[in-house]
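**Q** Shown below is the structure under consideration.
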Amino acid sequence: MKKGILILTALLITIIGFAQEADTLPQKSPEIPVITLTDSELDEDNQSQDISGLLSSSTDVYVNIAGYTFGQARFRIRGYDNQNTYVLIDGIYVNDAETGRPYYGNWGGLNEVMRNKVVSPGLAFSDYSFGGIGGVTNIITRPSQQRAGTSISYASANKSYRNRAMFSHSTGLMDNGWAFTLSGSSRWAEEGYVQGSFYEAYSYFIGAEKKINDKHSIALTFYGSPSRRGKTGVGTAEVYELTGDNFYNPNWGYQNGVMRNAKVGTFHQPRTMLSHYWQIDPTMKLTTSVSYAAGRAGSTALNWYDAADPRPDYYRNLPSYYEEGEFMYDYLTEMWQNSETFRQLDWDSFYHANRKNLYTVEDVGGEEGVDITGNRAKFIIEDRRYDLNRIDFATLFSKELNEKTKLITGINYLSSKTHNYKLVEDLLGADWWLDIDQFAERDNADDVYIIQSDVSNPNNVVYEGELFGYDYVTNITKSSAFAQAETKLEHIDLFAGVDVSYTEFWRTGNMRNGKFPANSYGNSPTYKFLNYGVKGGANVKITGRNFVLLNAAYLTRAPFVRDAFVSPRTRHDVVDNLTSEKIYTGDISYFYRSPYVQAKITGFYTQFTDGLQSSSFYHDELRTFVNYAMTGVNKTHYGAELGIEAKLTSTFTATFATGYGKYLYSSRPSVTIAQDNSSEVLAENRTVYIKNYHVGSMPEYAASIGGKYYAPKYWFVGLNANYFAESYININPEKHTAEALNIFVTDDPQVEPILEQEKLDPGYTFDIWGGKSWRIEDYTIGFTLSINNILDNTDLITNGYEQYRFDQNDIDKFPNKYFHLYGRSYFLNVYFRF
């Protein structure tokens, strides 16, 4: 690996050295794809209510269609998770520090001020960052670069929200050197596409910039996007068939005749950014930014004690739990099919149970504590919080060494603290909740010490708004530096880059858990990782219309905190053999460009090694939560992409895009299974036989053919036909262990369905969109309209997963769960600009 670093470092130096060569007339060539979104593209945010579609939008035909059109079926370019794509705002890395994923809801509803983007897909050279293997997006919010004027718009839709109102105003750079931007929006729905869901969100942006002189400018921005939404659920084929609804949502029920959702997500983490722009000379500039983000995030959920599972779709509440022909089978079938109240949450029963549960707690707070008598809650709504406090710093230096060559270097730092805890949101008519571990109580009824969530505050009685259960902070610091150089010669363009980072993380426990008193409070050990990455690429100019592009990279990545800790709610322990993930990747493309046709075909290969996957789930036999951690997870992604755009007339353009890949596990990982309510390790270094199984959760093949008509009178219309196939559900790795099959003989007919990975049926959709604008002196009025899945195909399953719960004695006890494609949906946007 050292040899690889030396080679690419030498390539970096060589590229800079090429700057000293004599001038030659460069042959016009395509850039390594860099995307700058146009106003017309951004006005078409009707393509998706998820801004992630906009971030994938591109002048590259394939990337553009894959980002917009394929996203509705949960297609992922090259099968990559979004943690492989870097998102920057004014040079600051804004992906979540714990998971590596960008959360677009942080700036949702701020389309106008977030419209200026530069996207470098894949391994392409970026002016802003070394990036991930999925590319880099830099969103530019600098007030002086916002479009001067005022924009007012209203949108109607039928997905997550039904209505959106937006306003923005930018002064542009004024004669006095100041520039100001103000923007805000509201998005709302009393009920979204899925029954029982709702949406309430706002957003705001305030920005000011002062041009001090021709070399120095300072900008200050402040933005946020508070939201509150009722969540949807996922179901088995049985519940979809019983209800006749492929979007059945078990999270709600009627309370006093009004729908109430038990799972409500609330989010607001505003960010303040201060940036200094220094144009040192015409060829050299330095941009430095610092930002601070803090705020709340969380989701409510039902919790219960000494009561049956109240979820209507709990497997014991379904007909399939009983034998066909039994009374309960027939009764439950009848009720599920004909009683909406029965198949939803019964809020009245929660209040009834809580108001008739008189109980006395002795020695509240310790041996010298008081006794409290009251109605002890059997059911509550708890708020599971993960509140953020984060500081970021970034400085970016760029130098044009000559007309052909430029050098980009940067330094980045982040410090993130996420406070994880639970609050009592609603006692549902009870007087208080007793904060003990009911699972530990069941197994250790005589040990009053081990059942305490916090032995420093035993027998803790909690009221609404008070903290209970768990309380800890995950701490992360990361420093990184990178350098990239690019040179453009007569017959070839070259670039190379190097990146080095240092990551530390640790857990700080604010409770001394009764099960782990010596390993839960205070600071855990600090885990440290030194990582690096190298990449390079070439654009070979065969002729003025034919080009070959090659890219390659190798990088290592520290494990994400969300995966590293075995059970962060209760203790400091981390997964055994914690190590950095290694990623090898490369692609080769042929690009053809003429005045009427653009076509690009790409082959790619990516190898992930030493990955880590962690999850938690409720184990029915043990009747407790267990933590399931797989190490040594290797994956191989390879495939091909094709995009063609043909300008058939001056007003009509035809497009075609298709992508096909294989995304497979390529190792036999080891798994460790640990209980939440015990230090006992249920399994250690258990081999999981998943080599050559599909990673799942996405189509591996997608295709789209379409056309766009742009009329001279400022109206346009387009149509796409889309096809999705080769989709597999996520597997339960536990079913692929020797221990899971140890009760079966080799030729048992049950073995095959246990080991088989379900392949989903292919499907197709049709989408249509259009718009019109009018220019009246200095005013612009217009609208855009898109209708997706116009044939209302709701039977297409986009992805699914095997439940982690598995019963050897009844292999059908926990069937697969599925997500369906939304039916016909629309987005109508009307705007007014001046």
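Chain identifiers are assigned as A, B, and so on, following the order in which chains appear in the structure tokens; residues are numbered from 1 within each chain, and ligands are numbered from 1 in order of appearance.
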Please provide the set of residues having any atom within 10 Å of segment 448-456 of chain A, restricted to only C-alpha atoms, with same-chain residues fewer than 5 positions apart removed, written as a compact mmCIF listing (two decimals) with N, CA and C atoms, in the first residue's frame.
**A**
# COMPACT_ATOMS: atom_id res chain seq x y z
N GLY A 365 -35.22 7.23 45.32
CA GLY A 365 -33.96 7.96 45.38
C GLY A 365 -32.93 7.30 46.28
N GLY A 366 -33.27 6.20 46.96
CA GLY A 366 -32.31 5.52 47.83
C GLY A 366 -32.94 5.08 49.13
N LEU A 434 -41.97 4.42 36.66
CA LEU A 434 -40.86 3.95 37.48
C LEU A 434 -39.70 3.56 36.57
N ASP A 435 -38.55 4.20 36.79
CA ASP A 435 -37.40 4.04 35.88
C ASP A 435 -36.54 2.85 36.32
N ILE A 436 -36.98 1.66 35.94
CA ILE A 436 -36.18 0.46 36.14
C ILE A 436 -36.16 -0.32 34.82
N ASP A 437 -35.20 -1.25 34.70
CA ASP A 437 -35.10 -2.08 33.51
C ASP A 437 -35.98 -3.30 33.69
N GLN A 438 -37.11 -3.32 32.98
CA GLN A 438 -38.05 -4.41 33.18
C GLN A 438 -37.49 -5.75 32.71
N PHE A 439 -36.59 -5.75 31.73
CA PHE A 439 -36.01 -6.99 31.28
C PHE A 439 -35.05 -7.56 32.32
N ALA A 440 -34.25 -6.67 32.93
CA ALA A 440 -33.37 -7.11 34.00
C ALA A 440 -34.18 -7.53 35.22
N GLU A 441 -35.29 -6.87 35.48
CA GLU A 441 -36.15 -7.22 36.61
C GLU A 441 -36.72 -8.63 36.45
N ARG A 442 -37.08 -8.97 35.24
CA ARG A 442 -37.62 -10.30 34.99
C ARG A 442 -36.60 -11.38 35.30
N ASP A 443 -35.35 -11.15 34.94
CA ASP A 443 -34.32 -12.16 35.12
C ASP A 443 -33.64 -12.08 36.49
N PHE A 468 -35.01 9.71 31.70
CA PHE A 468 -34.97 8.37 32.28
C PHE A 468 -34.35 7.40 31.28
N GLY A 469 -34.13 6.17 31.74
CA GLY A 469 -33.71 5.08 30.84
C GLY A 469 -32.24 5.05 30.52
N TYR A 470 -31.75 6.02 29.76
CA TYR A 470 -30.34 6.10 29.43
C TYR A 470 -29.98 7.56 29.20
N ASP A 471 -28.71 7.85 29.35
CA ASP A 471 -28.22 9.23 29.21
C ASP A 471 -26.72 9.16 28.97
N ASN A 510 -23.64 9.34 31.52
CA ASN A 510 -24.14 10.20 32.59
C ASN A 510 -24.98 9.43 33.61
N MET A 511 -25.14 8.12 33.40
CA MET A 511 -25.82 7.24 34.35
C MET A 511 -24.91 6.05 34.65
N ARG A 512 -24.98 5.58 35.89
CA ARG A 512 -24.26 4.37 36.26
C ARG A 512 -25.26 3.22 36.22
N ASN A 513 -25.25 2.49 35.12
CA ASN A 513 -26.24 1.45 34.90
C ASN A 513 -26.04 0.29 35.87
N GLY A 514 -27.17 -0.21 36.43
CA GLY A 514 -27.09 -1.27 37.44
C GLY A 514 -26.51 -2.56 36.92
N LYS A 515 -26.63 -2.82 35.66
CA LYS A 515 -26.09 -4.06 35.08
C LYS A 515 -24.60 -3.93 34.81
N PHE A 516 -24.13 -2.69 34.58
CA PHE A 516 -22.72 -2.45 34.24
C PHE A 516 -22.20 -1.25 35.04
N PRO A 517 -22.19 -1.34 36.37
CA PRO A 517 -21.84 -0.17 37.17
C PRO A 517 -20.42 0.31 36.97
N SER A 520 -20.12 1.95 32.67
CA SER A 520 -21.18 2.73 32.05
C SER A 520 -21.09 4.21 32.34
N TYR A 521 -20.44 4.58 33.45
CA TYR A 521 -20.42 5.99 33.87
C TYR A 521 -19.08 6.63 33.53
N ARG A 569 -26.44 2.41 24.91
CA ARG A 569 -27.43 2.82 25.90
C ARG A 569 -27.05 2.37 27.31
N THR A 570 -26.26 1.29 27.41
CA THR A 570 -26.01 0.71 28.73
C THR A 570 -24.54 0.66 29.13
N ASN A 677 -29.57 -6.55 28.62
CA ASN A 677 -29.81 -6.65 30.06
C ASN A 677 -28.88 -7.64 30.75
N SER A 678 -27.75 -7.94 30.11
CA SER A 678 -26.81 -8.88 30.71
C SER A 678 -25.45 -8.68 30.08
**Q** As a list of chain:residue names, please: the residues near Gly177 of chain A (cut-off 6 Å, only C-alpha atoms, same-chain neighbours under 2 positions excluded).
**A**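 The residues that qualify are A:Met174, A:Asp175, A:Lys210, A:Lys211.
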**Q** Please list as a compact mmCIF listing (two decimals) with N, CA, C and O atoms, in the first residue's frame every residue within 8 Å of Thr333 of chain A, counting only C-alpha atoms and excluding residues in the same chain fewer than 3 positions away.
**A**
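What landed in selection.txt:
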# COMPACT_ATOMS: atom_id res chain seq x y z
N LEU A 242 -54.62 -8.22 4.38
CA LEU A 242 -55.77 -8.11 5.29
C LEU A 242 -56.42 -6.74 5.21
O LEU A 242 -57.65 -6.61 5.26
N LEU A 318 -51.83 -11.23 14.89
CA LEU A 318 -52.19 -11.50 13.51
C LEU A 318 -52.78 -12.90 13.37
O LEU A 318 -52.44 -13.81 14.14
N PRO A 319 -53.65 -13.11 12.39
CA PRO A 319 -54.25 -14.44 12.19
C PRO A 319 -53.21 -15.54 12.01
O PRO A 319 -53.39 -16.67 12.46
N TYR A 329 -58.05 -17.53 14.69
CA TYR A 329 -57.67 -17.24 13.31
C TYR A 329 -58.83 -16.56 12.58
O TYR A 329 -58.65 -15.51 11.94
N ASP A 330 -60.02 -17.13 12.68
CA ASP A 330 -61.19 -16.58 12.00
C ASP A 330 -61.58 -15.22 12.59
O ASP A 330 -61.92 -14.29 11.85
N TRP A 336 -59.47 -7.75 11.38
CA TRP A 336 -58.49 -7.03 10.57
C TRP A 336 -59.10 -6.52 9.26
O TRP A 336 -58.79 -5.41 8.82
N GLN A 337 -59.95 -7.31 8.68
CA GLN A 337 -60.52 -6.94 7.38
C GLN A 337 -61.62 -5.90 7.48
O GLN A 337 -61.81 -5.10 6.56
**Q** Interatomic distance between atom CA of Phe832 of chain A and atom CA of Ala157 of chain A?
**A**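 Result for atom CA of Phe832 of chain A versus atom CA of Ala157 of chain A: 18.3 Å, one decimal.
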**Q** Could the residues of segment 42-148 of chain A that have an atom at most 10 Å from segment 592-604 of chain A be listed as a tab-separated table, each with its closest atom pair and the distance in Å to one decimal, counting only C-alpha atoms and ordered by chain and ascending residue number?
**A**
residue	atom	partner	partner_atom	distance
A:Asp60	CA	A:Lys600	CA	8.4
A:Val61	CA	A:Ala599	CA	8.0
A:Tyr62	CA	A:Lys600	CA	8.0
A:Arg78	CA	A:Phe604	CA	8.0
**Q** Using only C-alpha atoms, can you tell me which of A:Ser339, A:Asn82, A:Thr526, A:Thr585 comes closest to His572 of chain A?
**A**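 Comparing A:Ser339, A:Asn82, A:Thr526, A:Thr585 against His572 of chain A, the winner is A:Thr526.
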**Q** Skip segment 136-151 of chain A itself and residues of its chain fewer than 2 positions away, then list as number ranges by chain all residues within 7 Å of it, counting only C-alpha atoms.
**A** A: 55, 85-91, 113-114, 116-121, 131-132, 153, 167-173, 179-181, 207-209, 219, 832-834
**Q** Using N, CA, C and O atoms, can you export the residues from the last selection as a CSV table (one decimal), in the first residue's frame?
**A**
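The result, stored in part.csv:
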chain,number,residue,atom,x,y,z
A,55,LEU,N,-29.5,17.0,-5.5
A,55,LEU,CA,-28.1,16.9,-5.4
A,55,LEU,C,-27.4,15.9,-6.4
A,55,LEU,O,-26.3,16.0,-6.7
A,85,THR,N,-20.9,9.8,-0.2
A,85,THR,CA,-21.0,11.1,-0.9
A,85,THR,C,-20.8,12.2,0.1
A,85,THR,O,-21.5,12.2,1.2
A,86,TYR,N,-19.9,13.1,-0.2
A,86,TYR,CA,-19.7,14.2,0.7
A,86,TYR,C,-20.6,15.4,0.3
A,86,TYR,O,-20.7,15.7,-0.9
A,87,VAL,N,-21.2,16.0,1.3
A,87,VAL,CA,-22.0,17.2,1.1
A,87,VAL,C,-21.4,18.3,1.9
A,87,VAL,O,-21.2,18.2,3.1
A,88,LEU,N,-21.1,19.4,1.2
A,88,LEU,CA,-20.5,20.6,1.8
A,88,LEU,C,-21.4,21.8,1.7
A,88,LEU,O,-22.1,21.9,0.7
A,89,ILE,N,-21.4,22.7,2.6
A,89,ILE,CA,-22.1,24.0,2.5
A,89,ILE,C,-21.1,25.0,2.7
A,89,ILE,O,-20.5,25.1,3.8
A,90,ASP,N,-20.8,25.8,1.7
A,90,ASP,CA,-19.7,26.8,1.7
A,90,ASP,C,-18.4,26.2,2.2
A,90,ASP,O,-17.7,26.8,3.0
A,91,GLY,N,-18.1,25.0,1.8
A,91,GLY,CA,-16.9,24.4,2.1
A,91,GLY,C,-16.8,23.6,3.4
A,91,GLY,O,-15.9,22.9,3.7
A,113,VAL,N,-32.2,29.5,-1.8
A,113,VAL,CA,-30.9,29.9,-1.4
A,113,VAL,C,-29.9,28.8,-1.5
A,113,VAL,O,-28.6,29.0,-1.4
A,114,MET,N,-30.3,27.6,-1.6
A,114,MET,CA,-29.4,26.4,-1.8
A,114,MET,C,-29.3,26.0,-3.2
A,114,MET,O,-28.8,24.9,-3.5
A,116,ASN,N,-27.5,27.1,-5.7
A,116,ASN,CA,-26.2,27.2,-6.4
A,116,ASN,C,-25.4,26.0,-5.9
A,116,ASN,O,-24.9,26.0,-4.7
A,117,LYS,N,-25.1,25.0,-6.7
A,117,LYS,CA,-24.4,23.8,-6.3
A,117,LYS,C,-23.4,23.5,-7.4
A,117,LYS,O,-23.6,23.7,-8.6
A,118,VAL,N,-22.3,22.9,-6.9
A,118,VAL,CA,-21.3,22.3,-7.8
A,118,VAL,C,-21.1,20.9,-7.4
A,118,VAL,O,-20.8,20.6,-6.2
A,119,VAL,N,-21.5,20.0,-8.3
A,119,VAL,CA,-21.4,18.6,-7.9
A,119,VAL,C,-20.4,17.9,-8.8
A,119,VAL,O,-20.4,18.0,-10.0
A,120,SER,N,-19.5,17.2,-8.1
A,120,SER,CA,-18.4,16.4,-8.8
A,120,SER,C,-18.8,14.9,-8.5
A,120,SER,O,-18.5,14.4,-7.4
A,121,PRO,N,-19.4,14.2,-9.5
A,121,PRO,CA,-19.8,12.8,-9.2
A,121,PRO,C,-18.6,11.9,-9.1
A,121,PRO,O,-17.6,12.1,-9.8
A,131,GLY,N,-13.2,14.3,-1.2
A,131,GLY,CA,-14.5,13.7,-1.4
A,131,GLY,C,-14.5,12.2,-1.1
A,131,GLY,O,-13.5,11.6,-0.7
A,132,GLY,N,-15.7,11.6,-1.3
A,132,GLY,CA,-15.9,10.2,-1.1
A,132,GLY,C,-16.0,9.5,-2.5
A,132,GLY,O,-16.0,10.2,-3.5
A,153,SER,N,-43.4,31.6,-4.0
A,153,SER,CA,-43.9,30.5,-4.7
A,153,SER,C,-44.9,29.7,-3.8
A,153,SER,O,-44.8,29.8,-2.5
A,167,PHE,N,-40.6,32.0,0.3
A,167,PHE,CA,-40.3,33.4,0.0
A,167,PHE,C,-38.8,33.5,0.1
A,167,PHE,O,-38.1,33.0,1.0
A,168,SER,N,-38.2,34.3,-0.8
A,168,SER,CA,-36.8,34.7,-0.7
A,168,SER,C,-36.5,36.0,-1.3
A,168,SER,O,-37.2,36.4,-2.3
A,169,HIS,N,-35.6,36.7,-0.8
A,169,HIS,CA,-35.2,38.0,-1.3
A,169,HIS,C,-33.7,38.2,-1.1
A,169,HIS,O,-33.1,37.9,-0.1
A,170,SER,N,-33.0,38.6,-2.2
A,170,SER,CA,-31.6,38.8,-2.2
A,170,SER,C,-31.3,40.2,-2.9
A,170,SER,O,-31.9,40.5,-3.9
A,171,THR,N,-30.4,40.9,-2.2
A,171,THR,CA,-30.1,42.2,-2.8
A,171,THR,C,-29.0,42.1,-3.9
A,171,THR,O,-28.9,43.1,-4.7
A,172,GLY,N,-28.3,41.0,-3.9
A,172,GLY,CA,-27.1,41.0,-4.7
A,172,GLY,C,-26.0,41.9,-4.1
A,172,GLY,O,-26.3,42.5,-3.0
A,173,LEU,N,-24.9,42.0,-4.7
A,173,LEU,CA,-23.8,42.9,-4.2
A,173,LEU,C,-24.1,44.3,-4.5
A,173,LEU,O,-24.2,44.7,-5.7
A,179,ALA,N,-24.2,42.7,0.8
A,179,ALA,CA,-25.2,41.8,0.1
A,179,ALA,C,-25.9,41.1,1.2
A,179,ALA,O,-25.4,40.6,2.2
A,180,PHE,N,-27.3,41.0,1.1
A,180,PHE,CA,-28.1,40.4,2.1
A,180,PHE,C,-29.1,39.4,1.4
A,180,PHE,O,-29.5,39.6,0.3
A,181,THR,N,-29.3,38.3,2.1
A,181,THR,CA,-30.3,37.3,1.6
A,181,THR,C,-31.2,36.9,2.8
A,181,THR,O,-30.7,36.7,3.9
A,207,GLY,N,-28.6,35.8,5.6
A,207,GLY,CA,-27.2,35.9,5.3
A,207,GLY,C,-26.8,37.3,5.0
A,207,GLY,O,-27.6,38.1,4.4
A,208,ALA,N,-25.6,37.6,5.4
A,208,ALA,CA,-25.1,39.0,5.1
A,208,ALA,C,-23.6,38.8,4.7
A,208,ALA,O,-22.9,38.0,5.3
A,209,GLU,N,-23.2,39.6,3.7
A,209,GLU,CA,-21.8,39.6,3.3
A,209,GLU,C,-21.3,41.0,3.1
A,209,GLU,O,-22.0,41.9,2.6
A,219,ALA,N,-18.6,36.8,5.2
A,219,ALA,CA,-20.0,36.4,5.1
A,219,ALA,C,-20.4,35.7,6.4
A,219,ALA,O,-19.7,34.9,6.9
A,832,PHE,N,-43.6,33.4,-8.7
A,832,PHE,CA,-43.6,34.8,-9.1
A,832,PHE,C,-42.3,35.4,-8.7
A,832,PHE,O,-41.9,35.4,-7.5
A,833,ARG,N,-41.6,36.0,-9.7
A,833,ARG,CA,-40.2,36.6,-9.4
A,833,ARG,C,-40.2,38.0,-10.0
A,833,ARG,O,-40.7,38.3,-11.0
A,834,PHE,N,-39.5,38.8,-9.2
A,834,PHE,CA,-39.2,40.2,-9.7
A,834,PHE,C,-38.0,40.7,-9.0
A,834,PHE,O,-37.4,40.2,-8.1
**Q** At what distance in Å, to one decimal, does atom CA of Thr236 of chain A lie from atom CA of Pro815 of chain A?
**A** 6.5 Å
**Q** Restricting the calculation to only C-alpha atoms, which member of A:Pro568, A:Gly661, A:Gly257, A:Gly696 is positioned closest to Tyr605 of chain A?
**A**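 Closest residue, counting only C-alpha atoms: A:Gly661.
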**Q** Identify, on the basis of only C-alpha atoms, every residue whose closest approach to Ser773 of chain A does not exceed 8 Å; exclude the query and any residue fewer than 2 positions from it along the same chain; express the result as a list in words.
**A**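 That gives Tyr714, Trp715, Gly771, Arg775, Thr780, Ile781, Gly782 and Phe783 of chain A.
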**Q** Taking only C-alpha atoms into account, which of A:Asn722, A:Asn829, A:Asn546, A:Ser227 comes nearest Gly298 of chain A?
**A**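 Checking each of A:Asn722, A:Asn829, A:Asn546, A:Ser227 against Gly298 of chain A, counting only C-alpha atoms, the winner is A:Ser227.
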**Q** Pick out the closest residue to Tyr223 of chain A from this set: A:Arg187, A:Arg271, A:Arg316, A:Lys422. Count only C-alpha atoms.
**A**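 Of all the options, A:Arg271 lies closest to Tyr223 of chain A.
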**Q** Give me every strand (DSSP E or B) residue in segment 267-420 of chain A, going by DSSP on the backbone, as a PyMOL selection string.
**A** chain A and resi 267-268+271-281+284-304+358-364+370-376+379-400+405-420
**Q** Quick one: pick out all helix (DSSP H, G or I) residues within segment 652-833 of chain A from a backbone DSSP run and write them as a list in words.
**A** Pro733, Glu734, Lys735, His736, Glu739, Ala740, Leu741, Val751, Glu752, Pro753, Ile754 and Leu755 of chain A
**Q** Quick one: of A:Phe75, A:Phe327, A:Lys406, A:Glu238, who's nearest to Tyr315 of chain A, counting only C-alpha atoms?
**A** A:Glu238
**Q** So which residues touch Ser825 of chain A within 6 Å, counting only C-alpha atoms, skipping near sequence neighbours fewer than 4 positions away, as a JSON list (two decimals) with N, CA and C atoms, in the first residue's frame?
**A**
[["chain", "number", "residue", "atom", "x", "y", "z"],
["A", 158, "ASN", "N", -48.81, 15.69, -3.05],
["A", 158, "ASN", "CA", -49.55, 14.66, -2.32],
["A", 158, "ASN", "C", -48.65, 13.56, -1.78],
["A", 787, "ILE", "N", -46.10, 14.65, -12.74],
["A", 787, "ILE", "CA", -46.93, 13.55, -12.26],
["A", 787, "ILE", "C", -46.09, 12.29, -12.39],
["A", 788, "ASN", "N", -45.80, 11.67, -11.28],
["A", 788, "ASN", "CA", -45.00, 10.45, -11.26],
["A", 788, "ASN", "C", -45.90, 9.23, -11.14]]
**Q** Env of segment 534-539 of chain A: 7 Å cut, atoms = only C-alpha atoms, seq-sep filter 5 positions within chain, self excluded. Answer as a short mmCIF file (atom, residue, chain, number, x, y, z; two decimals) with N, CA and C atoms, in the first residue's frame.
**A**
data_model
loop_
_atom_site.label_atom_id
_atom_site.label_comp_id
_atom_site.auth_asym_id
_atom_site.auth_seq_id
_atom_site.Cartn_x
_atom_site.Cartn_y
_atom_site.Cartn_z
N ILE A 5 0.82 4.69 -2.44
CA ILE A 5 0.86 6.09 -2.01
C ILE A 5 1.99 6.83 -2.72
N LEU A 8 1.07 7.54 -6.44
CA LEU A 8 0.13 8.63 -6.66
C LEU A 8 0.70 9.96 -6.20
N ILE A 492 -4.23 14.85 -23.22
CA ILE A 492 -4.65 14.17 -22.00
C ILE A 492 -4.81 15.18 -20.86
N ASP A 493 -5.80 14.95 -20.04
CA ASP A 493 -5.95 15.67 -18.78
C ASP A 493 -5.67 14.70 -17.64
N LEU A 494 -4.97 15.16 -16.61
CA LEU A 494 -4.60 14.31 -15.49
C LEU A 494 -4.96 14.98 -14.18
N PHE A 495 -5.29 14.17 -13.18
CA PHE A 495 -5.43 14.71 -11.83
C PHE A 495 -5.02 13.62 -10.84
N ALA A 496 -4.61 14.06 -9.65
CA ALA A 496 -4.27 13.15 -8.56
C ALA A 496 -4.53 13.86 -7.25
N GLY A 497 -4.81 13.08 -6.21
CA GLY A 497 -5.08 13.66 -4.91
C GLY A 497 -4.69 12.72 -3.79
N VAL A 498 -4.37 13.31 -2.64
CA VAL A 498 -4.07 12.55 -1.42
C VAL A 498 -4.87 13.16 -0.28
N ASP A 499 -5.22 12.32 0.69
CA ASP A 499 -6.01 12.77 1.84
C ASP A 499 -5.54 12.01 3.07
N PHE A 547 -13.53 10.44 -26.34
CA PHE A 547 -12.69 10.56 -25.15
C PHE A 547 -12.80 9.29 -24.32
N VAL A 548 -11.72 8.97 -23.62
CA VAL A 548 -11.70 7.87 -22.66
C VAL A 548 -11.29 8.43 -21.31
N LEU A 549 -12.10 8.14 -20.28
CA LEU A 549 -11.85 8.65 -18.94
C LEU A 549 -11.57 7.48 -18.01
N LEU A 550 -10.51 7.59 -17.21
CA LEU A 550 -10.14 6.56 -16.26
C LEU A 550 -9.95 7.18 -14.88
N ASN A 551 -10.44 6.49 -13.85
CA ASN A 551 -10.29 6.96 -12.48
C ASN A 551 -10.03 5.76 -11.58
N ALA A 552 -9.25 5.99 -10.51
CA ALA A 552 -8.99 4.93 -9.54
C ALA A 552 -8.73 5.57 -8.18
N ALA A 553 -9.05 4.82 -7.11
CA ALA A 553 -8.84 5.34 -5.76
C ALA A 553 -8.67 4.18 -4.80
N TYR A 554 -7.95 4.47 -3.75
CA TYR A 554 -7.86 3.58 -2.58
C TYR A 554 -7.95 4.46 -1.34
N LEU A 555 -8.81 4.09 -0.40
CA LEU A 555 -8.91 4.87 0.82
C LEU A 555 -9.31 3.98 1.98
#
